[in-house]
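Content type mmCIF, C-alpha atoms, from the file model08.cif:
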```cif
data_target
loop_
_atom_site.label_atom_id
_atom_site.label_comp_id
_atom_site.auth_asym_id
_atom_site.auth_seq_id
_atom_site.Cartn_x
_atom_site.Cartn_y
_atom_site.Cartn_z
CA MET R 599 -246.01 20.74 -41.20
CA THR R 600 -243.20 18.34 -42.10
CA ASP R 601 -239.79 18.67 -40.33
CA LEU R 602 -237.06 19.25 -42.87
CA LYS R 603 -234.39 17.49 -40.73
CA ARG R 604 -236.40 14.25 -40.67
CA SER R 605 -237.88 14.50 -44.15
CA PRO R 606 -236.39 12.17 -46.71
CA ILE R 607 -236.95 14.81 -49.32
CA LYS R 608 -234.50 17.66 -48.79
CA LEU R 609 -233.44 20.55 -50.86
CA ARG R 610 -230.49 19.67 -52.95
CA LYS R 611 -228.37 22.19 -54.78
CA PRO R 612 -226.95 21.34 -58.17
CA PHE R 613 -223.23 20.94 -58.70
CA PHE R 614 -221.30 24.08 -59.35
CA TRP R 615 -220.79 23.35 -63.02
CA LEU R 616 -224.50 23.02 -63.51
CA ARG R 617 -225.25 26.32 -61.95
CA LYS R 618 -226.08 29.15 -64.23
CA LEU R 619 -224.38 32.36 -63.29
CA LYS R 620 -226.29 34.45 -65.74
CA ASP R 621 -229.48 36.33 -65.08
CA GLY R 622 -231.49 33.94 -67.15
CA SER R 623 -230.92 31.06 -64.67
CA GLU R 624 -234.05 29.35 -63.60
CA PRO R 625 -235.22 29.76 -60.09
CA VAL R 626 -234.69 26.85 -57.80
CA LYS R 627 -237.84 24.91 -57.38
CA ALA R 628 -238.88 23.77 -54.03
CA ALA R 629 -239.00 20.10 -53.43
CA PRO R 630 -242.44 18.63 -53.55
CA GLY R 631 -244.06 18.31 -50.20
CA ILE R 632 -242.41 21.45 -48.87
CA GLU R 633 -244.79 24.21 -48.41
CA ALA R 634 -243.99 27.64 -49.58
CA GLY R 635 -242.81 30.03 -46.98
CA GLN R 636 -241.09 27.33 -44.81
CA PRO R 637 -237.44 28.01 -43.91
CA GLN R 638 -235.04 25.91 -45.92
CA THR R 639 -232.34 24.42 -43.59
CA PRO R 640 -229.44 22.51 -45.19
CA TRP R 641 -228.97 18.90 -44.14
CA TYR R 642 -225.32 19.33 -43.21
CA ARG R 643 -226.02 21.97 -40.58
CA PRO R 644 -224.13 21.00 -37.36
CA THR R 645 -226.24 19.94 -34.45
CA LEU R 646 -225.51 18.76 -30.92
CA LEU R 647 -226.24 15.11 -31.76
CA LYS R 648 -223.93 15.13 -34.75
CA THR R 649 -221.18 16.73 -32.70
CA ALA R 650 -221.52 14.06 -30.02
CA ILE R 651 -221.37 11.26 -32.60
CA VAL R 652 -218.21 12.69 -34.19
CA ALA R 653 -216.54 13.12 -30.79
CA LEU R 654 -217.39 9.50 -29.83
CA ALA R 655 -215.95 8.23 -33.12
CA LEU R 656 -212.73 10.16 -32.54
CA VAL R 657 -212.46 8.74 -29.06
CA ILE R 658 -212.87 5.21 -30.41
CA ILE R 659 -210.44 5.67 -33.30
CA ALA R 660 -207.76 7.55 -31.35
CA PRO R 661 -204.83 5.23 -30.19
CA THR R 662 -204.62 4.44 -26.50
CA HIS R 663 -201.80 3.29 -24.23
CA ALA R 664 -201.08 -0.45 -24.77
CA ASN R 665 -199.49 -2.99 -22.45
CA GLY R 666 -196.73 -5.18 -23.85
CA GLN R 667 -196.53 -8.97 -23.76
CA PHE R 668 -200.08 -9.59 -24.92
CA GLY R 669 -201.55 -7.32 -22.34
CA ILE R 670 -199.75 -8.81 -19.31
CA ASP R 671 -198.95 -6.23 -16.69
CA THR R 672 -195.28 -5.37 -16.07
CA ALA R 673 -195.73 -5.81 -12.34
CA ALA R 674 -196.89 -9.40 -12.86
CA ILE R 675 -193.84 -10.15 -15.00
CA LEU R 676 -191.47 -8.72 -12.42
CA ALA R 677 -193.20 -10.71 -9.68
CA ALA R 678 -192.81 -13.95 -11.66
CA LEU R 679 -189.14 -13.26 -12.35
CA SER R 680 -188.54 -12.54 -8.69
CA LYS R 681 -190.21 -15.83 -7.77
CA MET R 682 -188.06 -17.73 -10.27
CA GLN R 683 -184.92 -16.12 -8.89
CA SER R 684 -185.91 -17.10 -5.39
CA LEU R 685 -186.50 -20.71 -6.45
CA MET R 686 -183.16 -20.87 -8.29
CA ASN R 687 -181.33 -19.50 -5.26
CA THR R 688 -183.00 -22.07 -3.04
CA TYR R 689 -182.82 -25.24 -5.13
CA MET R 690 -179.85 -24.59 -7.45
CA ALA R 691 -177.48 -22.03 -5.99
CA THR R 692 -177.12 -23.79 -2.64
CA PRO R 693 -176.18 -27.23 -4.09
CA LEU R 694 -173.83 -25.61 -6.59
CA LYS R 695 -172.17 -23.70 -3.78
CA THR R 696 -171.67 -26.95 -1.85
CA ILE R 697 -170.18 -28.65 -4.91
CA ASN R 698 -167.86 -25.70 -5.42
CA GLN R 699 -166.66 -25.98 -1.83
CA TYR R 700 -165.92 -29.71 -2.30
CA GLU R 701 -163.99 -29.01 -5.50
CA GLN R 702 -161.96 -26.30 -3.81
CA SER R 703 -161.15 -28.65 -0.94
CA THR R 704 -160.05 -31.38 -3.36
CA ALA R 705 -157.91 -28.96 -5.35
CA LYS R 706 -156.31 -27.66 -2.18
CA TYR R 707 -155.54 -31.22 -1.04
CA GLU R 708 -153.95 -32.08 -4.38
CA GLN R 709 -151.87 -28.90 -4.40
CA GLN R 710 -150.65 -29.18 -0.81
CA VAL R 711 -150.45 -32.95 -0.22
CA MET R 712 -150.40 -34.96 -3.44
CA TYR R 713 -148.68 -32.56 -5.85
CA PRO R 714 -147.02 -29.79 -3.86
CA LEU R 715 -145.44 -27.19 -6.08
CA THR R 716 -142.23 -27.09 -4.06
CA ALA R 717 -141.66 -30.84 -4.42
CA ILE R 718 -142.39 -30.68 -8.15
CA ASN R 719 -139.87 -27.89 -8.71
CA GLN R 720 -137.31 -29.75 -6.62
CA ALA R 721 -137.83 -32.93 -8.67
CA LYS R 722 -137.40 -30.97 -11.92
CA SER R 723 -134.19 -29.46 -10.60
CA SER R 724 -132.92 -32.94 -9.66
CA VAL R 725 -133.74 -34.23 -13.13
CA THR R 726 -131.77 -31.38 -14.68
CA GLN R 727 -128.77 -32.22 -12.51
CA PHE R 728 -129.00 -35.91 -13.34
CA GLU R 729 -129.18 -35.13 -17.04
CA SER R 730 -126.02 -33.08 -16.78
CA GLN R 731 -124.23 -35.96 -15.06
CA PHE R 732 -125.50 -38.48 -17.61
CA ASN R 733 -124.28 -36.27 -20.44
CA ASN R 734 -120.82 -36.20 -18.91
CA ILE R 735 -120.89 -39.96 -18.57
CA GLY R 736 -122.15 -40.34 -22.14
CA ASN R 737 -119.22 -38.36 -23.47
CA MET R 738 -116.93 -41.14 -22.20
CA PHE R 739 -118.34 -43.45 -24.88
CA TYR R 740 -116.86 -41.23 -27.56
CA VAL R 741 -113.32 -41.13 -26.22
CA ASN R 742 -110.87 -42.13 -28.95
CA VAL R 743 -109.39 -45.54 -28.12
CA SER R 744 -107.73 -46.27 -31.47
CA SER R 745 -104.36 -48.02 -31.02
CA ALA R 746 -103.39 -49.57 -34.39
CA THR R 747 -100.34 -48.17 -36.19
CA LEU R 748 -100.21 -49.94 -39.54
CA PRO R 749 -102.44 -48.85 -42.43
CA GLN R 750 -104.39 -52.09 -42.87
CA SER R 751 -104.97 -52.61 -39.17
CA GLN R 752 -105.89 -48.94 -38.74
CA SER R 753 -108.50 -49.26 -41.46
CA LEU R 754 -110.06 -52.30 -39.79
CA GLU R 755 -109.96 -50.69 -36.36
CA THR R 756 -111.61 -47.52 -37.67
CA THR R 757 -114.42 -49.59 -39.14
CA LEU R 758 -114.91 -51.53 -35.92
CA LEU R 759 -115.10 -48.30 -33.85
CA SER R 760 -117.22 -46.35 -36.32
CA ARG R 761 -120.51 -47.05 -34.49
CA ASN R 762 -122.12 -47.04 -37.93
CA ALA R 763 -124.12 -50.11 -38.95
CA GLY R 764 -123.63 -49.17 -42.61
CA ASN R 765 -119.96 -50.18 -42.41
CA VAL R 766 -120.74 -53.83 -41.63
CA SER R 767 -120.29 -54.89 -45.26
CA THR R 768 -116.66 -53.64 -45.30
CA VAL R 769 -115.55 -55.78 -42.37
CA SER R 770 -114.85 -59.02 -44.29
CA PRO R 771 -112.42 -57.65 -46.90
CA GLN R 772 -110.59 -55.60 -44.27
CA PHE R 773 -110.44 -58.63 -41.98
CA GLN R 774 -108.92 -60.73 -44.77
CA SER R 775 -106.37 -58.05 -45.53
CA VAL R 776 -105.25 -58.13 -41.90
CA TYR R 777 -105.64 -61.81 -40.89
CA GLY R 778 -105.42 -63.44 -44.29
CA VAL R 779 -107.66 -65.98 -45.99
CA VAL R 780 -108.19 -69.68 -45.39
CA MET R 781 -105.29 -71.84 -46.43
CA THR R 782 -105.35 -73.52 -49.81
CA GLN R 783 -106.38 -77.13 -50.12
CA ASN R 784 -102.88 -78.56 -50.56
CA SER R 785 -101.22 -76.45 -47.89
CA ALA R 786 -103.17 -77.78 -44.88
CA SER R 787 -105.33 -80.65 -43.85
CA PRO R 788 -109.11 -80.39 -44.31
CA GLN R 789 -109.59 -80.34 -40.54
CA VAL R 790 -107.27 -77.40 -40.09
CA ARG R 791 -108.86 -75.52 -43.01
CA THR R 792 -112.35 -76.10 -41.64
CA MET R 793 -111.39 -74.96 -38.15
CA THR R 794 -109.68 -71.88 -39.52
CA ASP R 795 -112.67 -70.99 -41.70
CA MET R 796 -115.07 -71.32 -38.78
CA THR R 797 -112.85 -69.28 -36.51
CA ASP R 798 -112.54 -66.48 -39.07
CA ALA R 799 -116.27 -66.50 -39.67
CA GLN R 800 -117.08 -66.20 -36.00
CA ALA R 801 -114.50 -63.47 -35.52
CA GLN R 802 -116.03 -61.45 -38.36
CA ASP R 803 -119.55 -62.06 -36.99
CA ALA R 804 -118.53 -60.77 -33.58
CA MET R 805 -116.94 -57.67 -35.11
CA LYS R 806 -120.04 -56.93 -37.18
CA ARG R 807 -122.31 -57.47 -34.18
CA ALA R 808 -120.14 -55.13 -32.11
CA ILE R 809 -120.62 -52.36 -34.67
CA GLU R 810 -124.40 -52.87 -34.63
CA ILE R 811 -124.53 -52.84 -30.83
CA ASP R 812 -122.55 -49.59 -30.72
CA ALA R 813 -125.04 -48.02 -33.14
CA LEU R 814 -127.96 -49.25 -30.98
CA ALA R 815 -126.28 -47.84 -27.88
CA ASP R 816 -126.08 -44.42 -29.55
CA LYS R 817 -129.81 -44.59 -30.33
CA GLU R 818 -130.62 -45.54 -26.76
CA LEU R 819 -128.53 -42.73 -25.33
CA SER R 820 -130.21 -40.23 -27.66
CA ALA R 821 -133.67 -41.47 -26.64
CA ALA R 822 -132.71 -41.34 -22.97
CA THR R 823 -131.54 -37.75 -23.36
CA GLN R 824 -134.79 -36.74 -25.03
CA MET R 825 -136.88 -38.41 -22.32
CA GLY R 826 -134.82 -36.70 -19.65
CA GLN R 827 -135.47 -33.32 -21.22
CA GLN R 828 -139.18 -34.07 -21.49
CA ILE R 829 -139.32 -35.13 -17.85
CA SER R 830 -137.69 -31.89 -16.71
CA GLN R 831 -140.34 -29.89 -18.59
CA ALA R 832 -143.35 -32.20 -18.30
CA ALA R 833 -146.43 -31.63 -16.18
CA PRO R 834 -147.14 -34.02 -13.29
CA GLY R 835 -150.04 -35.57 -15.18
CA SER R 836 -147.83 -36.65 -18.11
CA ALA R 837 -145.30 -38.50 -15.93
CA PRO R 838 -147.02 -41.91 -16.31
CA ILE R 839 -146.86 -41.61 -20.11
CA LEU R 840 -143.13 -40.87 -20.05
CA GLU R 841 -142.63 -43.67 -17.55
CA ALA R 842 -144.37 -46.13 -19.86
CA GLU R 843 -142.19 -45.02 -22.77
CA ALA R 844 -139.08 -45.42 -20.62
CA ASP R 845 -140.19 -48.96 -19.71
CA VAL R 846 -140.47 -49.78 -23.41
CA TRP R 847 -136.95 -48.56 -24.00
CA VAL R 848 -135.71 -50.60 -21.06
CA VAL R 849 -137.21 -53.71 -22.62
CA ARG R 850 -135.52 -52.86 -25.92
CA ALA R 851 -132.20 -52.29 -24.19
CA ASN R 852 -132.52 -55.65 -22.47
CA ALA R 853 -133.14 -57.26 -25.85
CA TYR R 854 -130.02 -55.62 -27.29
CA THR R 855 -128.02 -56.71 -24.27
CA GLN R 856 -129.24 -60.27 -24.72
CA ALA R 857 -128.17 -60.16 -28.36
CA ALA R 858 -124.71 -58.95 -27.36
CA LEU R 859 -124.48 -61.64 -24.69
CA ALA R 860 -125.47 -64.28 -27.23
CA GLU R 861 -122.71 -63.05 -29.54
CA LEU R 862 -120.19 -63.28 -26.73
CA MET R 863 -121.35 -66.81 -25.97
CA ARG R 864 -120.93 -67.79 -29.61
CA THR R 865 -117.46 -66.31 -29.67
CA ARG R 866 -116.57 -68.14 -26.49
CA GLY R 867 -118.04 -71.34 -27.90
CA ILE R 868 -115.92 -71.04 -31.04
CA ASP R 869 -112.85 -70.46 -28.86
CA LEU R 870 -113.56 -73.57 -26.83
CA ALA R 871 -114.27 -75.52 -30.00
CA ASN R 872 -110.93 -74.39 -31.42
CA GLN R 873 -109.13 -75.52 -28.30
CA SER R 874 -110.88 -78.88 -28.48
CA LYS R 875 -110.08 -79.16 -32.17
CA ALA R 876 -106.44 -78.31 -31.52
CA SER R 877 -106.27 -81.06 -28.92
CA LYS R 878 -107.85 -83.54 -31.31
CA LEU R 879 -105.45 -82.59 -34.07
CA ALA R 880 -102.53 -82.87 -31.70
CA THR R 881 -103.73 -86.31 -30.65
CA THR R 882 -104.08 -87.35 -34.28
CA ASP R 883 -100.61 -86.06 -35.07
CA ASN R 884 -99.15 -87.90 -32.09
CA THR R 885 -100.82 -91.10 -33.19
CA ASN R 886 -99.47 -90.72 -36.70
CA ASN R 887 -96.01 -89.91 -35.42
CA ASN R 888 -96.06 -92.91 -33.08
CA GLY R 889 -97.05 -95.12 -36.01
CA LEU R 890 -94.25 -93.78 -38.12
CA ILE R 891 -91.74 -94.26 -35.35
CA SER R 892 -92.96 -97.75 -34.60
CA GLY R 893 -92.79 -98.68 -38.31
CA SER R 894 -89.30 -97.32 -38.57
CA LEU R 895 -88.12 -99.34 -35.60
CA THR R 896 -89.87 -102.47 -36.81
CA ASN R 897 -88.31 -102.32 -40.27
CA ARG R 898 -84.84 -102.41 -38.75
#
```

Would you write the structure of this file as structure tokens?
Amino acid sequence: MTDLKRSPIKLRKPFFWLRKLKDGSEPVKAAPGIEAGQPQTPWYRPTLLKTAIVALALVIIAPTHANGQFGIDTAAILAALSKMQSLMNTYMATPLKTINQYEQSTAKYEQQVMYPLTAINQAKSSVTQFESQFNNIGNMFYVNVSSATLPQSQSLETTLLSRNAGNVSTVSPQFQSVYGVVMTQNSASPQVRTMTDMTDAQAQDAMKRAIEIDALADKELSAATQMGQQISQAAPGSAPILEAEADVWVVRANAYTQAALAELMRTRGIDLANQSKASKLATTDNTNNNGLISGSLTNR
């Protein structure tokens, strides 16, 4: 007798819409090969083997606990990190600690020996005191020293003491209004007119240069005041920069002083030349007078 569980030909029931619910439905025919009177067991009846297969499939499909980092164990990761920390403490932390100690020693030496805070504050205080004294001295340059009483001379004196280089162009007309112009051609000899013209020119040049030098002196004093204020507030590291700028201004001041000295030398040279010219003119006049006297005596 054929086993129904292993037989390829099993009893199949038609779909529910093909079933006839009426009494005239045809009886279900047995599949060929199945003998009459054998029990008909459906193919989907649960058995022990099927239950085991389903349970195994569920076990395989069901999710399990997974390890992160591509399956690497957490303990291995922690061990590697601990090893790396140990190596860093041995080969990096110790040298860095030594370097830090050297830097602290250097900073301490600079703060206590090279740039002590007490000495820096004392120097700043001294600079402030010096600046106050220099300001008092600088105010002496602006003391009014005007002495002229007449209108024309007062105008010329005001221009000469103005300390404004823009007033240089007004010196010549004011000078002529006070000292006059060169004599006319028929009123004096050419030598006297030439000497007078040169003397007036040099006098006006000296006056103009004096105004320019006063204006430069004001600029220098203003720059010196600014540098003094910067020094009192500057950090120790910026002192060389301010010192270099001060050296530049010293060179400029020396140049201005040389220009003023040259003007004084020109003025003195003109004065000496005038004295020499006066002596020459006097000698010429004496010679002419002696000739006239000699001719008068001879004609008698």

- Quick one: of R:Leu748, R:Ala653, R:Ala857, R:Ile735, who's nearest to Arg807 (chain R), counting all atoms listed in the file?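 Looking at the shortest contact to Arg807 (chain R), the residue is R:Ala857.
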
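For the pair CA of Gly778 (chain R) and CA of Asp798 (chain R), the separation is 9.3 Å.
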
Assuming the chain letters and numbering stay as they are in my file, what does the PyMOL selection byres ((chain R and resi 824-841) around 12) actually select? List them as a PDB file with C-alpha atoms, keeping the file's coordinate frame.
```
ATOM      1  CA  GLU R 708    -153.950 -32.080  -4.380  1.00  0.00           C
ATOM      2  CA  GLN R 709    -151.870 -28.900  -4.400  1.00  0.00           C
ATOM      3  CA  MET R 712    -150.400 -34.960  -3.440  1.00  0.00           C
ATOM      4  CA  TYR R 713    -148.680 -32.560  -5.850  1.00  0.00           C
ATOM      5  CA  PRO R 714    -147.020 -29.790  -3.860  1.00  0.00           C
ATOM      6  CA  LEU R 715    -145.440 -27.190  -6.080  1.00  0.00           C
ATOM      7  CA  ALA R 717    -141.660 -30.840  -4.420  1.00  0.00           C
ATOM      8  CA  ILE R 718    -142.390 -30.680  -8.150  1.00  0.00           C
ATOM      9  CA  ASN R 719    -139.870 -27.890  -8.710  1.00  0.00           C
ATOM     10  CA  GLN R 720    -137.310 -29.750  -6.620  1.00  0.00           C
ATOM     11  CA  ALA R 721    -137.830 -32.930  -8.670  1.00  0.00           C
ATOM     12  CA  LYS R 722    -137.400 -30.970 -11.920  1.00  0.00           C
ATOM     13  CA  SER R 723    -134.190 -29.460 -10.600  1.00  0.00           C
ATOM     14  CA  SER R 724    -132.920 -32.940  -9.660  1.00  0.00           C
ATOM     15  CA  VAL R 725    -133.740 -34.230 -13.130  1.00  0.00           C
ATOM     16  CA  THR R 726    -131.770 -31.380 -14.680  1.00  0.00           C
ATOM     17  CA  GLN R 727    -128.770 -32.220 -12.510  1.00  0.00           C
ATOM     18  CA  PHE R 728    -129.000 -35.910 -13.340  1.00  0.00           C
ATOM     19  CA  GLU R 729    -129.180 -35.130 -17.040  1.00  0.00           C
ATOM     20  CA  SER R 730    -126.020 -33.080 -16.780  1.00  0.00           C
ATOM     21  CA  GLN R 731    -124.230 -35.960 -15.060  1.00  0.00           C
ATOM     22  CA  PHE R 732    -125.500 -38.480 -17.610  1.00  0.00           C
ATOM     23  CA  ASN R 733    -124.280 -36.270 -20.440  1.00  0.00           C
ATOM     24  CA  LYS R 817    -129.810 -44.590 -30.330  1.00  0.00           C
ATOM     25  CA  GLU R 818    -130.620 -45.540 -26.760  1.00  0.00           C
ATOM     26  CA  LEU R 819    -128.530 -42.730 -25.330  1.00  0.00           C
ATOM     27  CA  SER R 820    -130.210 -40.230 -27.660  1.00  0.00           C
ATOM     28  CA  ALA R 821    -133.670 -41.470 -26.640  1.00  0.00           C
ATOM     29  CA  ALA R 822    -132.710 -41.340 -22.970  1.00  0.00           C
ATOM     30  CA  THR R 823    -131.540 -37.750 -23.360  1.00  0.00           C
ATOM     31  CA  ALA R 842    -144.370 -46.130 -19.860  1.00  0.00           C
ATOM     32  CA  GLU R 843    -142.190 -45.020 -22.770  1.00  0.00           C
ATOM     33  CA  ALA R 844    -139.080 -45.420 -20.620  1.00  0.00           C
ATOM     34  CA  ASP R 845    -140.190 -48.960 -19.710  1.00  0.00           C
ATOM     35  CA  VAL R 846    -140.470 -49.780 -23.410  1.00  0.00           C
ATOM     36  CA  TRP R 847    -136.950 -48.560 -24.000  1.00  0.00           C
ATOM     37  CA  VAL R 848    -135.710 -50.600 -21.060  1.00  0.00           C
TER      38      VAL R 848
END
```

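If all atoms listed in the file are the atoms counted, then among R:Ser760, R:Ser787, R:Gln702, R:Ser770 the closest residue to Asp883 (chain R) is R:Ser787.
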
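The nearest approach to Phe739 (chain R) among the residues R:Ser767, R:Val776, R:Ala813, R:Ala801, with all atoms listed in the file taken into account, belongs to R:Ala813.
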
- All residues 10 Å or closer to Asn765 (chain R), all atoms listed in the file, same chain fewer than 4 positions away omitted, as a list in words: Thr756, Thr757, Leu758, Ser760, Arg761, Val769, Lys806, Ile809 and Glu810 of chain R
